[in-house]
Amino acid sequence: MPNRKQAQKQLNIKLDEKIGEGTYANFFMITNSPSEIIMDCGRILPGLPDARIYSRVIMTPAHAKQLLQLLEKNIDGFEKQHGEIKVQGQTDNKSVGFKTT
């Protein structure tokens with residue numbers, strides 16, 4: 001049985017039905033400033049020349065690091081259960097996104 005302190009820390013999460021449906025993304029761009037990290041999520045579709053951004057998440061660097069840690073933990077658990085995730089066509093020094101000159 002949880003003690004009083006644990007009960008006070010309970011977080012109720014509400015999920016709107018439309019948000020709960022989710023949005024598929026296969027394209028991500030991440031940019032940053034000293035105070036925030038911006039992650040744009042979108043889709044690239046075969047036969048279309050442009051990617052479209054469907055969602056933008058703006059977070060502090062500390063929250064971005066927490067997101068990274070949660071993703072690493074979840075991917076590790078997924079791979080332990082289902083095997084290593086193979087990323088097709090990925091090469092080590094391939095640049096993605098915008099370039100500055």
# chains A, B, ... in the order shown; residues from 1 in each chain; ligands from 1
>>> select_by_dssp(residues="stretch 6-55 of chain A", states="alpha helix (DSSP H)", output="PyMOL selection string")
chain A and resi 6-8+17-21
>>> select_by_dssp(residues="chain A", states="strand (DSSP E)", output="JSON, numbers by chain")
{"A": [27, 28, 29, 30, 31, 32, 37, 38, 39, 40, 41, 42, 43, 52, 53, 54, 55, 56, 57, 58, 59]}
>>> write_last_selection(atoms="C-alpha atoms", output="CSV table (one decimal), in the first residue's frame")
chain,number,residue,atom,x,y,z
A,27,PHE,CA,11.3,12.3,-40.7
A,28,PHE,CA,12.8,14.4,-37.8
A,29,MET,CA,14.7,17.6,-37.6
A,30,ILE,CA,16.2,18.9,-34.4
A,31,THR,CA,17.6,22.4,-33.8
A,32,ASN,CA,18.6,24.1,-30.7
A,37,ILE,CA,15.7,22.2,-28.2
A,38,ILE,CA,13.1,22.1,-31.0
A,39,MET,CA,12.1,18.7,-32.6
A,40,ASP,CA,10.1,18.8,-35.8
A,41,CYS,CA,8.3,15.5,-36.7
A,42,GLY,CA,7.1,14.9,-40.2
A,43,ARG,CA,6.7,12.5,-43.1
A,52,ARG,CA,5.8,17.9,-44.4
A,53,ILE,CA,6.1,18.7,-40.7
A,54,TYR,CA,3.1,17.6,-38.6
A,55,SER,CA,4.2,18.3,-35.1
A,56,ARG,CA,6.8,20.6,-33.3
A,57,VAL,CA,7.9,19.8,-29.8
A,58,ILE,CA,9.8,22.6,-27.9
A,59,MET,CA,11.6,21.6,-24.7
